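Asker: What follows is entry13.tsv; its format and atoms are TSV, C-alpha atoms.
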chain	number	residue	atom	x	y	z
L	107	MET	CA	-49.29	-23.09	5.06
L	108	PRO	CA	-45.91	-24.84	4.43
L	109	ARG	CA	-46.05	-23.58	0.83
L	110	LEU	CA	-46.58	-20.06	2.13
L	111	HIS	CA	-43.56	-20.42	4.40
L	112	ARG	CA	-41.47	-21.63	1.46
L	113	ALA	CA	-42.62	-18.66	-0.61
L	114	PHE	CA	-41.60	-16.23	2.15
L	115	ALA	CA	-38.25	-18.01	2.46
L	116	LEU	CA	-37.64	-17.66	-1.28
L	117	ILE	CA	-38.55	-13.98	-1.20
L	118	GLY	CA	-36.18	-13.48	1.73
L	119	LEU	CA	-33.39	-15.26	-0.15
L	120	LEU	CA	-33.95	-13.09	-3.22
L	121	LEU	CA	-33.82	-9.94	-1.11
L	122	LEU	CA	-30.56	-11.06	0.50
L	123	THR	CA	-29.08	-11.84	-2.92
L	124	GLN	CA	-30.09	-8.43	-4.25
L	125	SER	CA	-28.64	-6.77	-1.15
L	126	ALA	CA	-25.33	-8.60	-1.61
L	127	ALA	CA	-25.23	-7.59	-5.28
L	128	ALA	CA	-25.88	-3.98	-4.30
L	129	GLU	CA	-22.89	-4.18	-1.94
L	130	LYS	CA	-20.35	-4.62	-4.74
L	131	LEU	CA	-17.72	-2.20	-3.57
L	132	ARG	CA	-15.80	0.13	-5.86
L	133	LEU	CA	-12.11	-0.13	-4.94
L	134	VAL	CA	-9.63	2.49	-6.12
L	135	ALA	CA	-5.90	3.17	-5.96
L	136	ASP	CA	-3.10	4.72	-7.94
L	137	ALA	CA	-0.27	2.78	-9.62
L	138	TRP	CA	2.19	1.87	-6.85
L	139	PRO	CA	3.86	-1.47	-7.56
L	140	PRO	CA	4.11	-3.95	-5.98
L	141	PHE	CA	1.15	-2.82	-3.84
L	142	THR	CA	-1.33	-1.59	-6.45
L	143	ASP	CA	-0.98	-1.96	-10.22
L	144	VAL	CA	-3.43	-3.38	-12.77
L	145	THR	CA	-0.55	-5.06	-14.64
L	146	LEU	CA	0.27	-7.25	-11.62
L	147	VAL	CA	-1.40	-10.43	-10.36
L	148	ASN	CA	-4.82	-9.51	-8.91
L	149	GLY	CA	-3.93	-5.82	-9.03
L	150	GLY	CA	-0.85	-6.10	-6.80
L	151	LEU	CA	-0.16	-7.20	-3.24
L	152	ALA	CA	-2.33	-4.63	-1.42
L	153	THR	CA	-5.25	-4.95	-3.84
L	154	ASP	CA	-5.14	-8.75	-3.53
L	155	ILE	CA	-5.11	-8.66	0.29
L	156	VAL	CA	-7.90	-6.07	0.44
L	157	SER	CA	-10.23	-7.71	-2.10
L	158	THR	CA	-9.69	-11.12	-0.48
L	159	ALA	CA	-10.49	-9.85	3.03
L	160	LEU	CA	-13.56	-7.99	1.78
L	161	ALA	CA	-14.77	-11.06	-0.10
L	162	ARG	CA	-14.44	-13.13	3.06
L	163	ALA	CA	-16.49	-10.44	4.84
L	164	GLY	CA	-19.22	-10.82	2.20
L	165	TYR	CA	-18.41	-7.95	-0.17
L	166	ALA	CA	-17.74	-8.40	-3.88
L	167	SER	CA	-15.61	-5.66	-5.41
L	168	ASP	CA	-14.29	-4.06	-8.58
L	169	PHE	CA	-10.91	-2.32	-8.79
L	170	GLU	CA	-10.13	0.84	-10.74
L	171	GLN	CA	-6.71	2.48	-11.07
L	172	VAL	CA	-6.58	6.28	-11.31
L	173	PRO	CA	-4.11	9.02	-10.30
L	174	TRP	CA	-3.77	9.50	-6.55
L	175	ALA	CA	-5.49	12.89	-6.33
L	176	ARG	CA	-8.50	11.60	-8.27
L	177	ALA	CA	-8.71	8.48	-6.10
L	178	LEU	CA	-8.71	10.49	-2.89
L	179	GLN	CA	-11.24	12.99	-4.20
L	180	GLY	CA	-13.45	10.17	-5.48
L	181	VAL	CA	-13.57	8.53	-2.05
L	182	GLY	CA	-14.49	11.86	-0.47
L	183	GLU	CA	-17.30	12.39	-2.98
L	184	GLY	CA	-18.56	8.81	-2.76
L	185	ARG	CA	-17.73	7.83	-6.35
L	186	TYR	CA	-15.51	5.11	-4.86
L	187	ASP	CA	-16.18	3.12	-1.72
L	188	VAL	CA	-12.71	2.00	-0.69
L	189	LEU	CA	-9.26	3.53	-1.14
L	190	VAL	CA	-6.97	0.50	-1.07
L	191	ASN	CA	-3.67	2.06	0.02
L	192	ALA	CA	-3.94	4.90	2.53
L	193	TRP	CA	-1.52	6.16	5.16
L	194	TYR	CA	-3.27	7.72	8.15
L	195	THR	CA	-3.67	11.50	8.33
L	196	ASP	CA	-6.18	13.53	10.34
L	197	ASP	CA	-7.39	15.30	7.18
L	198	ARG	CA	-8.39	12.03	5.56
L	199	THR	CA	-10.73	11.14	8.44
L	200	LYS	CA	-13.02	13.83	6.99
L	201	LEU	CA	-13.32	11.73	3.81
L	202	GLY	CA	-13.51	8.20	5.11
L	203	GLN	CA	-13.08	5.74	7.95
L	204	PHE	CA	-9.73	4.03	8.36
L	205	SER	CA	-9.35	0.32	8.94
L	206	GLY	CA	-6.70	-1.12	11.18
L	207	GLU	CA	-3.20	-1.69	9.79
L	208	TYR	CA	-2.95	-4.48	7.22
L	209	LEU	CA	0.58	-3.81	5.91
L	210	LEU	CA	3.55	-1.83	7.18
L	211	ASN	CA	5.66	0.40	4.92
L	212	ARG	CA	9.27	0.83	6.02
L	213	VAL	CA	11.44	3.38	4.23
L	214	HIS	CA	15.10	2.27	4.23
L	215	PHE	CA	18.34	3.77	2.96
L	216	LEU	CA	20.38	1.77	0.44
L	217	LYS	CA	24.16	2.01	0.00
L	218	ARG	CA	26.93	0.21	-1.87
L	219	LYS	CA	27.97	-2.94	-0.04
L	220	ASP	CA	31.61	-1.82	0.01
L	221	THR	CA	30.84	1.61	1.51
L	222	PRO	CA	31.14	1.79	5.34
L	223	ILE	CA	28.12	3.97	6.13
L	224	GLU	CA	26.18	3.66	9.37
L	225	TYR	CA	22.83	5.27	10.15
L	226	ASN	CA	21.38	5.95	13.57
L	227	ASN	CA	20.42	9.59	13.02
L	228	LEU	CA	20.26	11.94	10.04
L	229	GLN	CA	23.19	14.04	11.24
L	230	GLN	CA	25.47	11.09	10.42
L	231	LEU	CA	24.43	11.37	6.75
L	232	HIS	CA	25.06	15.10	6.20
L	233	THR	CA	28.34	14.47	4.37
L	234	TYR	CA	26.90	12.02	1.83
L	235	PRO	CA	25.09	12.82	-1.45
L	236	ILE	CA	21.67	11.10	-1.41
L	237	ALA	CA	19.58	10.45	-4.53
L	238	VAL	CA	15.92	11.34	-3.95
L	239	VAL	CA	12.96	11.06	-6.32
L	240	ARG	CA	11.51	14.44	-7.29
L	241	GLY	CA	8.19	15.12	-5.56
L	242	TYR	CA	8.47	12.27	-3.03
L	243	ALA	CA	7.79	12.76	0.67
L	244	TYR	CA	9.94	10.38	2.73
L	245	SER	CA	9.46	11.63	6.29
L	246	PRO	CA	8.98	15.11	7.78
L	247	GLU	CA	12.37	14.94	9.50
L	248	PHE	CA	14.19	13.95	6.30
L	249	ASP	CA	12.26	16.29	4.04
L	250	ASP	CA	12.88	19.31	6.30
L	251	ASP	CA	16.59	18.67	6.91
L	252	VAL	CA	18.35	21.30	4.77
L	253	SER	CA	21.81	19.99	5.70
L	254	LEU	CA	21.30	16.76	3.77
L	255	GLN	CA	22.86	16.69	0.29
L	256	LYS	CA	19.81	15.66	-1.75
L	257	VAL	CA	20.31	14.90	-5.44
L	258	PRO	CA	16.94	14.93	-7.30
L	259	VAL	CA	16.34	12.14	-9.84
L	260	HIS	CA	13.36	10.96	-11.89
L	261	ASN	CA	12.76	7.57	-10.25
L	262	PHE	CA	14.13	4.93	-7.91
L	263	ALA	CA	15.65	2.88	-10.75
L	264	MET	CA	17.87	5.82	-11.66
L	265	ALA	CA	18.71	6.44	-8.00
L	266	VAL	CA	19.81	2.88	-7.24
L	267	ARG	CA	21.92	2.72	-10.40
L	268	MET	CA	23.68	5.89	-9.28
L	269	VAL	CA	24.42	4.26	-5.92
L	270	ALA	CA	25.74	1.12	-7.63
L	271	ALA	CA	27.98	3.28	-9.86
L	272	ASP	CA	29.19	5.25	-6.78
L	273	ARG	CA	27.87	8.53	-8.23
L	274	VAL	CA	25.95	9.09	-4.97
L	275	LYS	CA	26.42	7.34	-1.64
L	276	LEU	CA	22.79	6.65	-0.71
L	277	THR	CA	19.23	6.50	-1.86
L	278	LEU	CA	16.04	5.50	-0.03
L	279	GLU	CA	12.70	3.83	-0.72
L	280	ASP	CA	9.99	1.69	0.84
L	281	GLU	CA	11.51	-1.76	1.31
L	282	TYR	CA	8.84	-3.64	-0.68
L	283	VAL	CA	8.96	-1.12	-3.53
L	284	ALA	CA	12.77	-1.23	-3.60
L	285	ARG	CA	12.81	-5.04	-3.71
L	286	TYR	CA	10.26	-5.02	-6.54
L	287	TYR	CA	12.42	-2.74	-8.69
L	288	LEU	CA	15.71	-4.38	-7.69
L	289	ALA	CA	14.36	-7.72	-8.94
L	290	ARG	CA	14.09	-6.08	-12.37
L	291	GLU	CA	17.60	-4.60	-12.32
L	292	SER	CA	20.75	-6.23	-13.69
L	293	THR	CA	22.62	-8.66	-11.47
L	294	LYS	CA	25.49	-6.16	-11.34
L	295	VAL	CA	23.28	-3.45	-9.80
L	296	ARG	CA	21.36	-5.85	-7.56
L	297	ASN	CA	24.54	-7.37	-6.09
L	298	ALA	CA	26.23	-4.01	-5.55
L	299	VAL	CA	23.77	-2.52	-3.04
L	300	GLU	CA	22.26	-3.33	0.33
L	301	PHE	CA	19.77	-1.88	2.79
L	302	LEU	CA	20.85	-0.11	5.94
L	303	PRO	CA	19.13	-1.99	8.77
L	304	GLN	CA	17.44	0.88	10.61
L	305	PRO	CA	14.42	2.33	8.77
L	306	LEU	CA	14.06	6.06	8.31
L	307	SER	CA	10.31	5.82	8.91
L	308	GLU	CA	7.45	3.37	9.30
L	309	ASN	CA	3.93	3.99	8.05
L	310	SER	CA	1.02	1.62	8.56
L	311	LEU	CA	-1.11	0.95	5.49
L	312	HIS	CA	-4.92	1.01	5.79
L	313	ILE	CA	-8.03	1.01	3.65
L	314	LEU	CA	-10.08	4.21	3.74
L	315	VAL	CA	-13.84	3.60	3.39
L	316	SER	CA	-15.89	6.52	2.12
L	317	LEU	CA	-18.14	8.18	4.70
L	318	LYS	CA	-20.67	8.50	1.86
L	319	ASN	CA	-21.20	4.75	2.05
L	320	PRO	CA	-23.85	4.28	4.76
L	321	ARG	CA	-22.31	0.94	5.79
L	322	HIS	CA	-18.75	2.21	6.17
L	323	GLU	CA	-18.52	1.12	9.82
L	324	GLN	CA	-19.68	-2.43	8.97
L	325	ILE	CA	-17.29	-2.64	6.03
L	326	VAL	CA	-14.32	-1.61	8.17
L	327	ALA	CA	-15.32	-3.98	10.98
L	328	GLY	CA	-15.68	-6.89	8.55
L	329	PHE	CA	-12.36	-6.10	6.88
L	330	ASP	CA	-10.47	-5.89	10.18
L	331	ARG	CA	-12.04	-9.13	11.38
L	332	GLU	CA	-11.06	-11.03	8.24
L	333	ILE	CA	-7.50	-9.65	8.13
L	334	ALA	CA	-7.02	-10.97	11.67
L	335	ALA	CA	-8.49	-14.34	10.67
L	336	MET	CA	-6.30	-14.53	7.55
L	337	LYS	CA	-3.17	-14.05	9.65
L	338	VAL	CA	-4.27	-16.92	11.89
L	339	ASP	CA	-5.24	-19.40	9.14
L	340	GLY	CA	-2.16	-18.75	6.98
L	341	SER	CA	-3.94	-17.26	3.97
L	342	TYR	CA	-2.39	-13.83	4.60
L	343	GLN	CA	1.13	-15.29	4.41
L	344	ARG	CA	0.22	-17.24	1.28
L	345	LEU	CA	-0.85	-13.99	-0.43
L	346	MET	CA	2.47	-12.39	0.57
L	347	GLU	CA	4.33	-15.33	-0.93
L	348	ARG	CA	2.21	-15.23	-4.11
L	349	HIS	CA	3.54	-11.72	-4.67
L	350	GLY	CA	7.12	-12.63	-3.88
L	351	MET	CA	7.25	-11.14	-0.39
Represent the structure contained in this file as structure tokens.

Answerer:
Amino acid sequence: MPRLHRAFALIGLLLLTQSAAAEKLRLVADAWPPFTDVTLVNGGLATDIVSTALARAGYASDFEQVPWARALQGVGEGRYDVLVNAWYTDDRTKLGQFSGEYLLNRVHFLKRKDTPIEYNNLQQLHTYPIAVVRGYAYSPEFDDDVSLQKVPVHNFAMAVRMVAADRVKLTLEDEYVARYYLARESTKVRNAVEFLPQPLSENSLHILVSLKNPRHEQIVAGFDREIAAMKVDGSYQRLMERHGM
């Protein structure tokens, strides 16, 4: 009889192993350094945090980088299990289940250090030319304000160089993204600009788990639990530091 018990135990272990292997989650995101980018350490800050928390919850994962529209569509269709970097919208709840917040995106204005500009409301900025990246959405209030003097540019690097050269008075970007690109700028540009302290907007960052995955509720619950535990045991902060944050 003991041999029979051992045989059942081995079968049970094999089934658990197969189940765990079947739970290898397909993570997806677009290129958005320093949060998600296959050229960065462990796929970037957000990818590293997400894959670590999921691993602690018992889920192995693979990461694929595709354009944003394809990533979102793939989660809705079930080709991917987890969208790594999602801001909350009601429409997206039809595609997947959101986790709790695991990062916070703050969009800040940047100005020349020697320019006396203050920001408490957008009306204060109506007299200043502001470099904005074509196609970006910053906040509904900013995007809809037709009195702002918006100067379209190709990317943030061009925008911040224009601020440093005093060709425009302001630009704006997520703080983490701005710091990532500023670290790659010349000392002259980097030392010429500074953030205005009050953010234009704040958006919490979540994972979005496909509703096509039958265990989406368990995956979200496990992820949220491990993010909370990582903040307590210090591993969350160590990941932030690993990525220079």

Asker: Using only C-alpha atoms, which protein or nucleic acid residues come within 12 Å of L:Glu323? Drop anything in the same chain fewer than 3 positions from it, and give the result as a count of residues only.

Answerer: 17

Asker: Given the choices L:Leu231, L:Leu160, L:Gln343, L:Val188, which gets closest to L:Arg331 if the distance is worked out from only C-alpha atoms?

Answerer: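 When distances to L:Arg331 are compared using only C-alpha atoms, the smallest one comes from L:Leu160.
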
Asker: Contacts of L:Tyr165 at 7 Å or less, counting all atoms listed in the file, minus same-chain residues fewer than 3 places along, as a ChimeraX atom specification?

Answerer: /L:129-131,160-161

Asker: Measure the distance from atom CA of L:Leu311 to atom CA of L:Asn226 in Å and round it to one decimal.

Answerer: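 The value is 24.4 Å.
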
Asker: What are the nearest atom pairs, with distances in Å to one decimal, for all residues of stretch 206-229 of chain L that come at most 10 Å from stretch 278-284 of chain L, using only C-alpha atoms, set out by chain and rising residue number as JSON lines?

Answerer:
{"residue": "L:Leu210", "atom": "CA", "partner": "L:Tyr282", "partner_atom": "CA", "distance": 9.6}
{"residue": "L:Asn211", "atom": "CA", "partner": "L:Asp280", "partner_atom": "CA", "distance": 6.1}
{"residue": "L:Arg212", "atom": "CA", "partner": "L:Asp280", "partner_atom": "CA", "distance": 5.3}
{"residue": "L:Val213", "atom": "CA", "partner": "L:Asp280", "partner_atom": "CA", "distance": 4.1}
{"residue": "L:His214", "atom": "CA", "partner": "L:Leu278", "partner_atom": "CA", "distance": 5.4}
{"residue": "L:Phe215", "atom": "CA", "partner": "L:Leu278", "partner_atom": "CA", "distance": 4.2}
{"residue": "L:Leu216", "atom": "CA", "partner": "L:Leu278", "partner_atom": "CA", "distance": 5.7}
{"residue": "L:Lys217", "atom": "CA", "partner": "L:Leu278", "partner_atom": "CA", "distance": 8.8}

Asker: Can you work out the spacing between atom CA of L:Ile155 and atom CA of L:Gly180 in Å, to one decimal?

Answerer: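 For atom CA of L:Ile155 relative to atom CA of L:Gly180, the distance reads 21.4 Å.
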
Asker: What gap, in Å, lies between atom CA of L:Ser310 and atom CA of L:Tyr342?

Answerer: 16.3 Å

Asker: Considering all atoms listed in the file, state which residue in the set L:Glu247, L:Met336, L:Arg348, L:Ala263 is at the smallest distance from L:Ala289.

Answerer: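 Result for the nearest residue to L:Ala289: L:Ala263.
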
Asker: Point out the residue among L:Val266, L:Gly350, L:Leu306, L:Arg198 with the least atom-to-atom distance to L:Leu228, counting only C-alpha atoms.

Answerer: L:Leu306

Asker: Residues within 7 Å of stretch 256-260 of chain L, please, as a PyMOL selection string. Count all atoms listed in the file; anything in the same chain fewer than 2 positions from it doesn't count.

Answerer: chain L and resi 235-240+254+264-265

Asker: May I ask you to restore N, CA and C atoms in stretch 205-241 of chain L and write the result as a compact mmCIF listing (two decimals), in the coordinates of the input?

Answerer:
# COMPACT_ATOMS: atom_id res chain seq x y z
N SER L 205 -9.41 1.65 8.33
CA SER L 205 -9.35 0.32 8.94
C SER L 205 -8.14 0.27 9.87
N GLY L 206 -7.95 -0.88 10.49
CA GLY L 206 -6.70 -1.12 11.18
C GLY L 206 -5.58 -1.34 10.16
N GLU L 207 -4.36 -1.45 10.66
CA GLU L 207 -3.20 -1.69 9.79
C GLU L 207 -3.29 -3.08 9.17
N TYR L 208 -3.02 -3.16 7.85
CA TYR L 208 -2.95 -4.48 7.22
C TYR L 208 -1.61 -4.73 6.54
N LEU L 209 -0.80 -3.70 6.37
CA LEU L 209 0.58 -3.81 5.91
C LEU L 209 1.38 -2.69 6.58
N LEU L 210 2.68 -2.86 6.60
CA LEU L 210 3.55 -1.83 7.18
C LEU L 210 4.59 -1.42 6.14
N ASN L 211 4.65 -0.13 5.84
CA ASN L 211 5.66 0.40 4.92
C ASN L 211 6.86 0.90 5.72
N ARG L 212 8.03 0.38 5.38
CA ARG L 212 9.27 0.83 6.02
C ARG L 212 10.18 1.44 4.97
N VAL L 213 10.53 2.71 5.14
CA VAL L 213 11.44 3.38 4.23
C VAL L 213 12.87 3.17 4.73
N HIS L 214 13.72 2.57 3.88
CA HIS L 214 15.10 2.27 4.23
C HIS L 214 16.07 3.00 3.29
N PHE L 215 17.24 3.31 3.80
CA PHE L 215 18.34 3.77 2.96
C PHE L 215 19.01 2.56 2.32
N LEU L 216 19.56 2.77 1.11
CA LEU L 216 20.38 1.77 0.44
C LEU L 216 21.74 2.38 0.14
N LYS L 217 22.79 1.57 0.28
CA LYS L 217 24.16 2.01 0.00
C LYS L 217 24.88 0.92 -0.79
N ARG L 218 26.08 1.23 -1.29
CA ARG L 218 26.93 0.21 -1.87
C ARG L 218 27.42 -0.71 -0.75
N LYS L 219 27.54 -1.98 -1.06
CA LYS L 219 27.97 -2.94 -0.04
C LYS L 219 29.38 -2.65 0.46
N ASP L 220 30.22 -2.06 -0.39
CA ASP L 220 31.61 -1.82 0.01
C ASP L 220 31.82 -0.43 0.63
N THR L 221 30.73 0.28 0.92
CA THR L 221 30.84 1.61 1.51
C THR L 221 30.48 1.54 2.99
N PRO L 222 31.39 1.91 3.89
CA PRO L 222 31.14 1.79 5.34
C PRO L 222 30.31 2.96 5.90
N ILE L 223 29.02 2.92 5.64
CA ILE L 223 28.12 3.97 6.13
C ILE L 223 27.21 3.37 7.20
N GLU L 224 27.10 4.06 8.31
CA GLU L 224 26.18 3.66 9.37
C GLU L 224 25.12 4.74 9.55
N TYR L 225 23.92 4.31 9.95
CA TYR L 225 22.83 5.27 10.15
C TYR L 225 22.10 4.99 11.45
N ASN L 226 22.20 5.95 12.36
CA ASN L 226 21.38 5.95 13.57
C ASN L 226 20.58 7.24 13.68
N ASN L 227 21.12 8.31 13.07
CA ASN L 227 20.42 9.59 13.02
C ASN L 227 20.83 10.31 11.75
N LEU L 228 20.02 11.27 11.32
CA LEU L 228 20.26 11.94 10.04
C LEU L 228 21.54 12.77 10.03
N GLN L 229 21.97 13.24 11.18
CA GLN L 229 23.19 14.04 11.24
C GLN L 229 24.39 13.25 10.72
N GLN L 230 24.39 11.94 10.91
CA GLN L 230 25.47 11.09 10.42
C GLN L 230 25.57 11.09 8.89
N LEU L 231 24.50 11.48 8.21
CA LEU L 231 24.43 11.37 6.75
C LEU L 231 24.65 12.71 6.05
N HIS L 232 24.95 13.77 6.80
CA HIS L 232 25.06 15.10 6.20
C HIS L 232 26.18 15.21 5.19
N THR L 233 27.19 14.36 5.28
CA THR L 233 28.34 14.47 4.37
C THR L 233 28.17 13.63 3.10
N TYR L 234 27.07 12.93 2.96
CA TYR L 234 26.90 12.02 1.83
C TYR L 234 25.84 12.53 0.84
N PRO L 235 26.15 12.51 -0.46
CA PRO L 235 25.09 12.82 -1.45
C PRO L 235 24.06 11.68 -1.49
N ILE L 236 22.76 12.07 -1.48
CA ILE L 236 21.67 11.10 -1.41
C ILE L 236 20.72 11.34 -2.58
N ALA L 237 20.52 10.33 -3.42
CA ALA L 237 19.58 10.45 -4.53
C ALA L 237 18.15 10.33 -4.01
N VAL L 238 17.32 11.32 -4.36
CA VAL L 238 15.92 11.34 -3.95
C VAL L 238 15.05 11.54 -5.19
N VAL L 239 13.88 10.93 -5.19
CA VAL L 239 12.96 11.06 -6.32
C VAL L 239 12.21 12.38 -6.21
N ARG L 240 12.19 13.14 -7.28
CA ARG L 240 11.51 14.44 -7.29
C ARG L 240 10.04 14.28 -6.89
N GLY L 241 9.59 15.12 -5.96
CA GLY L 241 8.19 15.12 -5.56
C GLY L 241 7.83 14.13 -4.48
